[in-house]
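Let me begin by presenting the structure, written as structure tokens, before commenting on it.
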Protein chains: 2
Amino acid sequence: MPKIVDPEARRLSIAEAVFRVIQRDGLAQASLRSVAEEAGLAIGSVRHYFRGHDELIVFAMRSLGDRLEARLLGHLPDLLDPGTPRSRRQEITEALLSELLPLTEQTRAETDVWLAFSAAAKNRPDLAEEVVRMYEGVRALVRRVLDGANEAGGLLEDLDLAVETERLAALLDGLALSTGRTSPELMKTVLRRHLETLRRPETVTE
Amino acid sequence: MPKIVDPEARRLSIAEAVFRVIQRDGLAQASLRSVAEEAGLAIGSVRHYFRGHDELIVFAMRSLGDRLEARLLGHLPDLLDPGTPRSRRQEITEALLSELLPLTEQTRAETDVWLAFSAAAKNRPDLAEEVVRMYEGVRALVRRVLDGANEAGGLLEDLDLAVETERLAALLDGLALSTGRTSPELMKTVLRRHLETLRRPETVTE
DNA sequence: AATAAAATAGCAAGGCCGTGCTATAAAGAC
DNA sequence: GTCTTTATAGCACGGCCTTGCTATTTTATT
């Protein structure tokens with residue numbers, strides 16, 4: 001009967017237009033009009049897929065959250081596999097946590113957009129939900145990583161893992177925030193150094 | 001001849017209205033209209049002190065930057081005084097760095113407003129200047145604190161202070177970002193723990 | 001009391017925005 | 001080929017915004 005389009009795919013492609021506008025001009029400029037233009041659609045078409053402006057922004061933010069979540073969780077299986085050798089573990093840990101840093105053009109763009117959403121969420125309960133989800137997700141992930149390393153005997157003893165989770169998560173957040181002033185190299189160095197300080201020293205072959 | 005008012009004081013009191021509006025409703029709502037109402041003035045009166053909206057926002061952000069800077073630097077003299085005993089040093093260091101955390105209602109409000117400005121600055125060169133000033137100021141300060149502790153023999157040897165400066169500054173930024181989810185107590189614990197890991201162990205009286 | 005300058009106030013134009021509503025185009029089902 | 005449902009498009013209204021400009025009020029000085 002009707003012309004058939006995958007509506008979810010359409011929504012996602014419009015969400016990507018939202019990201020581009022936010023990155024280029026800021027969240028304040030992400031109006032229905034400018035997003036429609038960026039997406040190459042008429043404003044009425046965009047509104048066919050979203051009830052209104054609020055719904056569009058919330059959807060876009062949720063999409064970004066989903067994307068980040070998927071990327072992060074992708075590294076988990078390797079890490080949780082007990083067969084993974086210790087040296088590999090360190091690499092994987094670093095790679096996983098690096099996903100939270102703006103090291104590439106791509107991830108830097110995501111970080112900037114995420115920051116815009118986070119700031120806006122301070123006065124918008126609908127967006128705040130998503131910020132909380134990500135906040136808790138990141139801490140849960142960091143906690144799993146630390147727990148895993150601990151059980152494998154790779155961490156210093158007597159660490160308070162709740163505190164260390166917050167410390168590491170905050171460090172990652174802080175590095176992500178400094179976009180543009182702290183070089184990717186320095187970020188990696190800082191992360192590596194932090195992980196070093198948590199690691200049990202290599203026991204000299206006794 | 002004319003009615004005489006201290007113009008600078010007026011500007012500051014208008015800037016404070018800006019802070020209140022931003023904290024309550026977000027930066028996007030900080031229009032000339034709403035700020036004027038919050039300040040109890042007519043829109044034309046506000047424009048007597050500021051050329052336009054942009055100048056108002058830039059001024060408000062700079063004021064906040066100045067305020068934060070002054071508070072931070074207030075702790076420095078004690079710390080730089082070589083006569084200060086070692087145990088006092090630790091307290092002062094902790095107190096100084098705590099100024100960067102949203103531990104009280106007051107500082108939490110400032111942090112939220114600062115975050116709003118920082119996010120907006122991504123697409124506004126005039127605001128970006130101020131963000132950079134604060135970024136560099138904080139790192140310079142943290143560096144001085146670490147240098148001072150180091151010269152007093154209070155730090156572990158072989159630390160790369162450039163890396164440790166960034167690591168500590170990023171940690172503080174990250175904690176500040178988590179407003180509302182991480183409790184003040186946990187923030188203090190995390191900061192204290194981090195400083196512990198940098199400190200040279202108490203040499204047992206030999 | 002007169003005056004001059006600063007402070008305060010307000011109007012109107014022009015722009016962008018969201019949204020309710022309506023109109024047209026497209027294409028699978030019959 | 002017709003129908004029906006979806007996709008796409010666009011208009012027009014009311015609202016809030018900034019800003020140029022023009023009053024009006026206030027008060028220290030003369």
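In the structure tokens, each chain is lettered A, B, ... as it comes, each chain's residues begin at 1, and ligands are numbered from 1 in order of appearance.
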For this session: Within 12 Å of chain D, which residues of chain A are there when counting only C-alpha atoms (C1' of nucleotides)? Please give them as a ChimeraX atom specification.
Result: /A:1-7,10,36,40-49
For this session: Hey, list the chain B side of the contact with chain A: 10 Å cut-off, only C-alpha atoms, answer as a ChimeraX atom specification.
Result: /B:22-28,112-124,131-132,135-136,160,162-182,186-187,189-191,193-194,197-198
Problem set entry | Selection near Glu94 of chain A, 8 Å with only C-alpha atoms (C1' of nucleotides), sequence-local residues under 3 positions removed, as a PyMOL selection string | chain A and resi 90-91+97-98+191-192
Could you write those residues out with N, CA and C atoms, as a tab-separated table (two decimals), in the first residue's frame?
```tsv
chain	number	residue	atom	x	y	z
A	90	GLN	N	46.48	-6.49	30.05
A	90	GLN	CA	46.84	-5.09	30.22
A	90	GLN	C	46.51	-4.30	28.97
A	91	GLU	N	46.85	-4.88	27.84
A	91	GLU	CA	46.55	-4.20	26.57
A	91	GLU	C	45.06	-3.98	26.41
A	97	LEU	N	39.46	1.15	28.12
A	97	LEU	CA	39.29	2.44	28.80
A	97	LEU	C	39.59	3.60	27.85
A	98	SER	N	40.43	3.34	26.86
A	98	SER	CA	40.75	4.39	25.89
A	98	SER	C	39.54	4.77	25.06
A	191	LEU	N	46.77	7.81	31.43
A	191	LEU	CA	46.00	6.60	31.72
A	191	LEU	C	46.93	5.44	32.05
A	192	ARG	N	47.97	5.29	31.24
A	192	ARG	CA	48.90	4.18	31.46
A	192	ARG	C	49.55	4.29	32.84
```
For this session: Pull out every residue of chain C sitting within 9 Å of chain B, counting only C-alpha atoms (C1' of nucleotides), and send them as a list in words.
Result: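 So the contacting residues turn out to be DT3, DA4, DA5, DA6, DA7, DT8, DA9 and DG10 of chain C.
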Seminar exercise, completed: note - atom CA of Arg20 of chain B and atom CA of Leu127 of chain B are separated by 18.7 Å
